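Chemist: I'd like to ask some things about the structure below.
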Amino acid sequence: MAAILTGIDRVVRDGIRLPGKGRAGLLCNASSATSSWTPTPEALPAAGGLQLVRIFSPQHGFAAEKQDNMVASRDGVHPRLGIPMVSLYGERREPPPEAFDGLDAVIVDLVDVGTRVYTFLITALLLIRAAAARGVPVVVLDRPNPIGGAAEGPCLEKAFRSFVGLVDVPLRHGLTAGEYCLYGAWRMDVMSREEAVRAAEEARRTGGGVAERPVSVIALEGWRRTLHHGETGLPWISPSPNMPTPETALVYPGQVLLEGTNLSEGRGTTRPFELFGAPYIDPAAVLAALASAGCLQKDGGGRGRAGSVLAGVLLREVAFEPTFHKYAGELVRGFQLHVLDREAYRPVAATTALLWAARRAAGEAFAWREPPYEYEPDHKPIDLLYGTDRIRLRLEGGASPEEIAREWEAEVAAYDQRARDVSIYT
């Protein structure tokens, strides 16, 4: 096993104690596995202390096979274990009351990528709320945040709640899966702040996992908040088709914003979210706009200037042809985003600067995507992704990328203060 143990690794080593007869449901997908690669649905029963009777699956399907948003998955049966599987992505995104019949607890083991709009932990929060209504406790097997503990970007505003945002976290939230579930359960009034604080303290002190409250966490062992995935020794199993590497996860908090535009975010290529562009883009004009805003070094090489919103990143001009999704089969001109200094790199600020430059360089050819997006028919997708319409309006009003990034600093600081209440790790 790796030196860092995930929640499922600790269950394999130490077992688990559930109430009643230990009949458990499990929210997971194909990326949920031990550090020795055993899938969680197979590792859990072998650990003892429970009977696995139902599996719940998030967006992209249990096998992580569905490529895009708003592609529903069906209920089914696990191909080897013969256990019923309940899909929680489609027109139904919250478990119905009968899904908890016969369950003494639900276990959550999901790979998150540190970004509010990645829907796996939103599904976990909806499940937690539904389970609490039935009096069924939830145990979260914790996993690291693969992009570390920094938080960045605007916090979700209440008016923009959707399936890509339920609680008031920034776009890059900086929490582990377990911390996020405790924070979300508190902010959705599933449990009180005091209950969430006690659950975090229990996880920190003893490893946690005693299912005596709406949400408890089996904590990571050996993980520190400053670590990125490559420093953990844990395997990377792609949690969804367009999240193939930890490098994808690192740029995702910003580059996912391109889903709210007519820019290609690189779906249909081998480097989704790292590649981006459009047939109408003139890369030289984009670089000139960024240079005029003081975002680039003066050598003209596409490298972000230290201290700017593009610090730590290099824009390398490329052309590509997506095999599906936006501009499938067309020649797309744009860039590959190379992170050179992940500590200096601020993904949300960087992509906000790219949106500013693309609008400036392309004029009316650039457009915001229209609804629907993730089953939300009214709000512009870009506003759902940012969690507010404030950033779009500031971009349209001509505010600079630096001004916009400074404006969310106070709300991130307030969030950091709130999130300390459920912090498990240093």
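How things are named: the first chain in the structure tokens is A, the next is B, and so on; residues count from 1 in each chain; ligands count from 1 in the order shown.
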Find the residues near range 283-287 of chain A: any atom within 7 Å, counting only C-alpha atoms, skip ones fewer than 4 places away on the same chain, and give them as a PyMOL selection string.

Modeler: chain A and resi 291+302+317+333-334+357-358+361

Chemist: Those residues you just picked out, can you put them in a file as a short mmCIF file (atom, residue, chain, number, x, y, z; two decimals), in the first residue's frame with C-alpha atoms?

Modeler:
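So the final result, stored in again-v6.cif, reads:
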data_model
loop_
_atom_site.label_atom_id
_atom_site.label_comp_id
_atom_site.auth_asym_id
_atom_site.auth_seq_id
_atom_site.Cartn_x
_atom_site.Cartn_y
_atom_site.Cartn_z
CA ALA A 291 0.41 41.29 -23.14
CA GLY A 302 3.50 33.02 -23.98
CA GLU A 317 0.19 27.87 -29.62
CA ARG A 333 -6.52 27.10 -33.40
CA GLY A 334 -5.63 27.89 -29.85
CA ALA A 357 -8.50 38.06 -24.00
CA ALA A 358 -10.63 35.82 -26.26
CA ALA A 361 -9.38 39.41 -29.71
#

Chemist: So that I can check the surroundings of Phe366 in chain A, please list as a PyMOL selection string every protein, DNA and RNA residue that reaches within 8 Å of it, counting only C-alpha atoms and ignoring chain neighbours fewer than 2 positions away.

Modeler: chain A and resi 261-263+358-359+362-364+368

Chemist: Calculated over only C-alpha atoms, which of the candidates A:Gly233, A:Ala131, A:Glu65, A:Thr119 has the smallest distance to Pro97 in chain A?

Modeler: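 Distance minimum relative to Pro97 in chain A lands on A:Ala131.
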
Chemist: Determine the nearest neighbour of Trp236 in chain A from the options A:Asp112, A:Glu374, A:Glu195, A:Glu407, counting only C-alpha atoms.

Modeler: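 When distances to Trp236 in chain A are compared using only C-alpha atoms, the smallest one comes from A:Asp112.
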
Chemist: If you run DSSP on the backbone, which residues of range 204-350 of chain A are helix (DSSP H, G or I), as a VMD selection string?

Modeler: chain A and resid 204 to 206 229 to 231 246 to 260 283 to 292 347 to 350

Chemist: Can you tell me which residues surround Pro244 in chain A at a distance of at most 10 Å, considering only C-alpha atoms, apart from same-chain residues fewer than 5 positions away, and format the answer as a short mmCIF file (atom, residue, chain, number, x, y, z; two decimals) with C-alpha atoms, in the first residue's frame?

Modeler:
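Generated file (around_10.cif):
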data_model
loop_
_atom_site.label_atom_id
_atom_site.label_comp_id
_atom_site.auth_asym_id
_atom_site.auth_seq_id
_atom_site.Cartn_x
_atom_site.Cartn_y
_atom_site.Cartn_z
CA TRP A 236 -4.67 7.78 -10.53
CA ILE A 237 -7.76 6.12 -11.96
CA SER A 238 -9.66 8.43 -14.28
CA PRO A 239 -12.95 9.28 -12.54
CA ALA A 249 -7.47 18.13 -12.56
CA THR A 270 -6.19 13.42 -25.83
CA ARG A 271 -5.61 16.48 -23.57
CA PRO A 272 -9.07 17.76 -22.56
#

Chemist: Report as JSON, numbers by chain all protein, DNA and RNA residues lying within 10 Å of Gly304 in chain A, evaluated on only C-alpha atoms, omitting residues in the same chain fewer than 2 positions from it.

Modeler: {"A": [290, 291, 294, 295, 296, 297, 298, 300, 301, 302, 306, 307, 308, 309, 310, 311, 312, 313, 314, 315, 339, 340, 345, 350]}

Chemist: Work out how far apart CA of Gly15 in chain A and CA of Gly48 in chain A are and give it in Å to one decimal.

Modeler: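 Between these atoms lies a distance of 5.9 Å.
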
Chemist: Would you compute the distance between CA of Arg224 in chain A and CA of Asp9 in chain A? Give it in Å to one decimal.

Modeler: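 Answer for the CA of Arg224 in chain A to CA of Asp9 in chain A separation: 16.7 Å.
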
Chemist: Could you give me, as a PyMOL selection string, the residues within 12 Å of Leu175 in chain A, counting only C-alpha atoms and dropping anything in the same chain fewer than 5 positions from it?

Modeler: chain A and resi 112-116+121+142-152+169-170+180-184+224-226+415-416+418-426

Chemist: Please report, as a Markdown table, each residue of range 53-105 of chain A lying at most 6 Å from range 16-31 of chain A, together with the nearest pair of atoms and the separation in Å rounded to one decimal; use only C-alpha atoms, and order rows by chain and ascending residue number.

Modeler:
| residue | atom | partner | partner_atom | distance |
| --- | --- | --- | --- | --- |
| A:Val53 | CA | A:Ala24 | CA | 5.9 |
| A:Arg54 | CA | A:Gly25 | CA | 4.6 |
| A:Ile55 | CA | A:Leu26 | CA | 4.8 |
| A:Phe56 | CA | A:Leu27 | CA | 4.4 |
| A:Ser57 | CA | A:Cys28 | CA | 5.6 |
| A:Phe62 | CA | A:Asn29 | CA | 4.5 |
| A:Ala63 | CA | A:Ala30 | CA | 5.0 |
| A:Leu103 | CA | A:Arg23 | CA | 5.2 |
| A:Asp104 | CA | A:Arg23 | CA | 5.2 |
| A:Ala105 | CA | A:Ala24 | CA | 5.1 |

Chemist: Nearest to Lys66 in chain A among A:His229, A:Tyr89, A:Ile281, A:Pro372, with distances taken over only C-alpha atoms: which residue is it?

Modeler: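 Nearest to Lys66 in chain A: A:Tyr89.
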
Chemist: Tell me, in Å to one decimal, how far CA of His228 in chain A is from CA of Val251 in chain A.

Modeler: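 If I compute the distance from CA of His228 in chain A to CA of Val251 in chain A, I get 12.8 Å.
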
Chemist: Give me the residues near Pro377 in chain A as a ChimeraX atom specification, where near means some atom within 12 Å (using only C-alpha atoms) and where sequence neighbours in that chain fewer than 4 positions away do not count.

Modeler: /A:160,162-163,370-373,381,384

Chemist: Export, as a CSV table (one decimal), in the first residue's frame, the selected residues with N, CA and C atoms.

Modeler:
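That gives us out05.csv:
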chain,number,residue,atom,x,y,z
A,160,PHE,N,-27.9,31.0,-7.7
A,160,PHE,CA,-27.3,30.3,-8.8
A,160,PHE,C,-27.0,28.8,-8.4
A,162,SER,N,-27.5,25.0,-8.4
A,162,SER,CA,-27.9,24.1,-9.5
A,162,SER,C,-27.2,22.7,-9.2
A,163,PHE,N,-27.2,21.9,-10.2
A,163,PHE,CA,-26.5,20.6,-10.1
A,163,PHE,C,-25.0,20.8,-10.2
A,370,GLU,N,-25.6,29.2,-24.5
A,370,GLU,CA,-27.0,29.4,-24.0
A,370,GLU,C,-27.5,28.2,-23.3
A,371,PRO,N,-28.5,28.3,-22.4
A,371,PRO,CA,-29.1,27.2,-21.7
A,371,PRO,C,-29.7,26.2,-22.6
A,372,PRO,N,-30.0,25.0,-22.2
A,372,PRO,CA,-29.8,24.5,-20.8
A,372,PRO,C,-28.4,24.0,-20.6
A,373,TYR,N,-28.1,23.9,-19.3
A,373,TYR,CA,-26.8,23.3,-18.9
A,373,TYR,C,-27.0,22.5,-17.6
A,381,PRO,N,-25.0,29.2,-18.8
A,381,PRO,CA,-24.1,28.2,-18.2
A,381,PRO,C,-22.9,28.9,-17.6
A,384,LEU,N,-23.8,29.8,-14.0
A,384,LEU,CA,-23.8,28.6,-13.2
A,384,LEU,C,-22.4,28.1,-12.8

Chemist: Using DSSP on the backbone coordinates, identify the residues of range 67-277 of chain A assigned to strand (DSSP E or B); present them as an MDAnalysis selection string.

Modeler: chainID A and resid 76:77 84:87 105:108 115 138:141 152:155 162 165 170:172 215:218 221 261 264 272 275:277

Chemist: Give me the residues within 12 Å of Arg204 in chain A as a PyMOL selection string, counting only C-alpha atoms and dropping any in the same chain fewer than 2 places off.

Modeler: chain A and resi 142+178-179+197-202+206-209+216-223+422-426

Chemist: Of the candidates A:Leu275, A:Ile128, A:Leu250, A:Leu141, which one gets nearest to Arg213 in chain A if we count only C-alpha atoms?

Modeler: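 The shortest atom-to-atom distance to Arg213 in chain A comes from A:Ile128.
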